[in-house]
Amino acid sequence: MYHLPTCSTCKSAIKALKQQGYELELQDIKTTPPTAEELKKLIPLSGLPIGKWFNVSGEVYREMGLKDKLPGMSEEEKINLLASNGMLIKRPIVSNGSKVSIGFREQDFGPMWYTL
């Protein structure tokens with residue numbers, strides 16, 4: 001799980017998953033964001049378009065003016081941008097090895113996570 005230790009959503013996800021009996025391997029998304037190669041594997045497993053991976057409410061996203069820049073960028077450029085700064089990535093990122101979820105809504109962590 002990629003998370004930000006100070007993020008309340010991440011804390012909720014950790015608590016909920018631990019209560020369900022999962023052991024989590026935690027990685028600080030700010031200090032050690034996923035690499036471009038990791039993102040190339042994770043994004044397809046999420047079933048979501050790359051645009052959904054951006055933390056659109058984040059300060060860095062707004063400061064960089066990405067709302068206007070992303071539409072003109074290639075997928076490769078977007079992946080490299082995400083890999084360059086973990087604060088651009090929506091969090092937490094949770095993976096069981098075959099599926100990936102970004103963000104956290106407890107009701108979304110149903111049967112797919114029981115295969116861990």
# chains A, B, ... in the order shown; residues from 1 in each chain; ligands from 1
>>> residues_around(residues="Ile93 in chain A", least_positions_apart="6", cutoff="7 Å", atoms="only C-alpha atoms", output="VMD selection string")
chain A and resid 1 to 3 100 to 103
>>> select_by_dssp(residues="chain A", states="strand (DSSP E or B)", output="JSON, numbers by chain")
{"A": [2, 3, 27, 28, 54, 89, 93, 94, 95, 100, 101, 102]}
>>> residues_around(residues="range 44-53 of chain A", least_positions_apart="2", cutoff="7 Å", atoms="only C-alpha atoms", output="MDAnalysis selection string")
chainID A and resid 41:42 55 89:90 98:101
>>> select_by_dssp(residues="chain A", states="alpha helix (DSSP H)", output="ChimeraX atom specification")
/A:8-19,36-46,59-63,66-69,75-84
>>> residues_around(residues="range 67-77 of chain A", least_positions_apart="3", cutoff="12 Å", atoms="only C-alpha atoms", output="list in words")
Ala36, Glu37, Leu39, Lys40, Ile43, Pro49, Ile50, Gly51, Lys52, Trp53, Phe54, Asn55, Val56, Ser57, Gly58, Val60, Tyr61, Arg62, Glu63, Met64, Asn80, Leu81, Leu82, Ala83, Ser84 and Leu88 of chain A
>>> closest_residue(among="A:Gln107, A:Lys11, A:Leu4, A:Lys18", to="Met87 in chain A", atoms="only C-alpha atoms")
A:Leu4
>>> atom_distance(atom1="CA of Gly97 in chain A", atom2="CA of Gln19 in chain A")
19.8 Å
>>> atom_distance(atom1="CA of Phe104 in chain A", atom2="CA of Ala13 in chain A")
6.1 Å
>>> decode(residues="range 65-94 of chain A", atoms="N, CA and C atoms", output="PDB file, in the first residue's frame")
ATOM      1  N   GLY A  65      -0.725  23.775 -12.422  1.00  0.00           N
ATOM      2  CA  GLY A  65      -1.713  24.068 -13.460  1.00  0.00           C
ATOM      3  C   GLY A  65      -2.021  22.863 -14.324  1.00  0.00           C
ATOM      4  N   LEU A  66      -2.067  21.673 -13.715  1.00  0.00           N
ATOM      5  CA  LEU A  66      -2.204  20.444 -14.495  1.00  0.00           C
ATOM      6  C   LEU A  66      -3.582  20.261 -15.117  1.00  0.00           C
ATOM      7  N   LYS A  67      -4.596  20.916 -14.583  1.00  0.00           N
ATOM      8  CA  LYS A  67      -5.925  20.799 -15.175  1.00  0.00           C
ATOM      9  C   LYS A  67      -5.883  21.182 -16.651  1.00  0.00           C
ATOM     10  N   ASP A  68      -5.110  22.214 -16.956  1.00  0.00           N
ATOM     11  CA  ASP A  68      -5.009  22.680 -18.339  1.00  0.00           C
ATOM     12  C   ASP A  68      -3.932  21.956 -19.141  1.00  0.00           C
ATOM     13  N   LYS A  69      -2.918  21.424 -18.465  1.00  0.00           N
ATOM     14  CA  LYS A  69      -1.786  20.801 -19.157  1.00  0.00           C
ATOM     15  C   LYS A  69      -2.015  19.328 -19.505  1.00  0.00           C
ATOM     16  N   LEU A  70      -2.715  18.585 -18.624  1.00  0.00           N
ATOM     17  CA  LEU A  70      -2.864  17.136 -18.829  1.00  0.00           C
ATOM     18  C   LEU A  70      -3.494  16.750 -20.163  1.00  0.00           C
ATOM     19  N   PRO A  71      -4.528  17.450 -20.628  1.00  0.00           N
ATOM     20  CA  PRO A  71      -5.138  17.028 -21.896  1.00  0.00           C
ATOM     21  C   PRO A  71      -4.164  16.981 -23.071  1.00  0.00           C
ATOM     22  N   GLY A  72      -3.124  17.791 -23.051  1.00  0.00           N
ATOM     23  CA  GLY A  72      -2.159  17.813 -24.149  1.00  0.00           C
ATOM     24  C   GLY A  72      -0.961  16.899 -23.955  1.00  0.00           C
ATOM     25  N   MET A  73      -0.952  16.146 -22.856  1.00  0.00           N
ATOM     26  CA  MET A  73       0.189  15.276 -22.566  1.00  0.00           C
ATOM     27  C   MET A  73      -0.076  13.846 -23.012  1.00  0.00           C
ATOM     28  N   SER A  74       0.984  13.152 -23.391  1.00  0.00           N
ATOM     29  CA  SER A  74       0.865  11.737 -23.749  1.00  0.00           C
ATOM     30  C   SER A  74       0.753  10.911 -22.467  1.00  0.00           C
ATOM     31  N   GLU A  75       0.343   9.671 -22.607  1.00  0.00           N
ATOM     32  CA  GLU A  75       0.244   8.793 -21.449  1.00  0.00           C
ATOM     33  C   GLU A  75       1.617   8.607 -20.804  1.00  0.00           C
ATOM     34  N   GLU A  76       2.645   8.486 -21.617  1.00  0.00           N
ATOM     35  CA  GLU A  76       4.013   8.334 -21.119  1.00  0.00           C
ATOM     36  C   GLU A  76       4.420   9.554 -20.279  1.00  0.00           C
ATOM     37  N   GLU A  77       4.094  10.734 -20.771  1.00  0.00           N
ATOM     38  CA  GLU A  77       4.412  11.966 -20.034  1.00  0.00           C
ATOM     39  C   GLU A  77       3.653  12.016 -18.701  1.00  0.00           C
ATOM     40  N   LYS A  78       2.410  11.586 -18.716  1.00  0.00           N
ATOM     41  CA  LYS A  78       1.605  11.574 -17.487  1.00  0.00           C
ATOM     42  C   LYS A  78       2.184  10.600 -16.467  1.00  0.00           C
ATOM     43  N   ILE A  79       2.592   9.422 -16.927  1.00  0.00           N
ATOM     44  CA  ILE A  79       3.188   8.431 -16.025  1.00  0.00           C
ATOM     45  C   ILE A  79       4.479   8.966 -15.426  1.00  0.00           C
ATOM     46  N   ASN A  80       5.317   9.564 -16.249  1.00  0.00           N
ATOM     47  CA  ASN A  80       6.576  10.129 -15.749  1.00  0.00           C
ATOM     48  C   ASN A  80       6.322  11.258 -14.758  1.00  0.00           C
ATOM     49  N   LEU A  81       5.297  12.045 -14.998  1.00  0.00           N
ATOM     50  CA  LEU A  81       4.940  13.130 -14.093  1.00  0.00           C
ATOM     51  C   LEU A  81       4.482  12.557 -12.744  1.00  0.00           C
ATOM     52  N   LEU A  82       3.613  11.558 -12.776  1.00  0.00           N
ATOM     53  CA  LEU A  82       3.162  10.916 -11.537  1.00  0.00           C
ATOM     54  C   LEU A  82       4.340  10.335 -10.760  1.00  0.00           C
ATOM     55  N   ALA A  83       5.246   9.691 -11.457  1.00  0.00           N
ATOM     56  CA  ALA A  83       6.394   9.059 -10.808  1.00  0.00           C
ATOM     57  C   ALA A  83       7.358  10.096 -10.221  1.00  0.00           C
ATOM     58  N   SER A  84       7.314  11.313 -10.741  1.00  0.00           N
ATOM     59  CA  SER A  84       8.252  12.340 -10.287  1.00  0.00           C
ATOM     60  C   SER A  84       7.867  12.963  -8.950  1.00  0.00           C
ATOM     61  N   ASN A  85       6.588  12.828  -8.563  1.00  0.00           N
ATOM     62  CA  ASN A  85       6.128  13.462  -7.332  1.00  0.00           C
ATOM     63  C   ASN A  85       4.924  12.713  -6.788  1.00  0.00           C
ATOM     64  N   GLY A  86       5.138  11.976  -5.714  1.00  0.00           N
ATOM     65  CA  GLY A  86       4.071  11.180  -5.116  1.00  0.00           C
ATOM     66  C   GLY A  86       2.872  11.988  -4.674  1.00  0.00           C
ATOM     67  N   MET A  87       3.050  13.294  -4.450  1.00  0.00           N
ATOM     68  CA  MET A  87       1.931  14.125  -4.019  1.00  0.00           C
ATOM     69  C   MET A  87       0.953  14.404  -5.162  1.00  0.00           C
ATOM     70  N   LEU A  88       1.326  14.046  -6.377  1.00  0.00           N
ATOM     71  CA  LEU A  88       0.413  14.186  -7.512  1.00  0.00           C
ATOM     72  C   LEU A  88      -0.528  12.993  -7.632  1.00  0.00           C
ATOM     73  N   ILE A  89      -0.233  11.929  -6.908  1.00  0.00           N
ATOM     74  CA  ILE A  89      -0.983  10.680  -7.050  1.00  0.00           C
ATOM     75  C   ILE A  89      -2.089  10.596  -6.010  1.00  0.00           C
ATOM     76  N   LYS A  90      -3.270  10.209  -6.474  1.00  0.00           N
ATOM     77  CA  LYS A  90      -4.384   9.971  -5.552  1.00  0.00           C
ATOM     78  C   LYS A  90      -3.988   8.822  -4.634  1.00  0.00           C
ATOM     79  N   ARG A  91      -4.372   8.922  -3.379  1.00  0.00           N
ATOM     80  CA  ARG A  91      -3.946   7.916  -2.413  1.00  0.00           C
ATOM     81  C   ARG A  91      -5.105   7.513  -1.517  1.00  0.00           C
ATOM     82  N   PRO A  92      -4.962   6.359  -0.900  1.00  0.00           N
ATOM     83  CA  PRO A  92      -3.870   5.396  -1.012  1.00  0.00           C
ATOM     84  C   PRO A  92      -3.994   4.552  -2.278  1.00  0.00           C
ATOM     85  N   ILE A  93      -2.893   3.891  -2.606  1.00  0.00           N
ATOM     86  CA  ILE A  93      -2.889   2.884  -3.666  1.00  0.00           C
ATOM     87  C   ILE A  93      -2.787   1.541  -2.951  1.00  0.00           C
ATOM     88  N   VAL A  94      -3.767   0.695  -3.166  1.00  0.00           N
ATOM     89  CA  VAL A  94      -3.776  -0.615  -2.519  1.00  0.00           C
ATOM     90  C   VAL A  94      -3.787  -1.681  -3.604  1.00  0.00           C
TER      91      VAL A  94
END
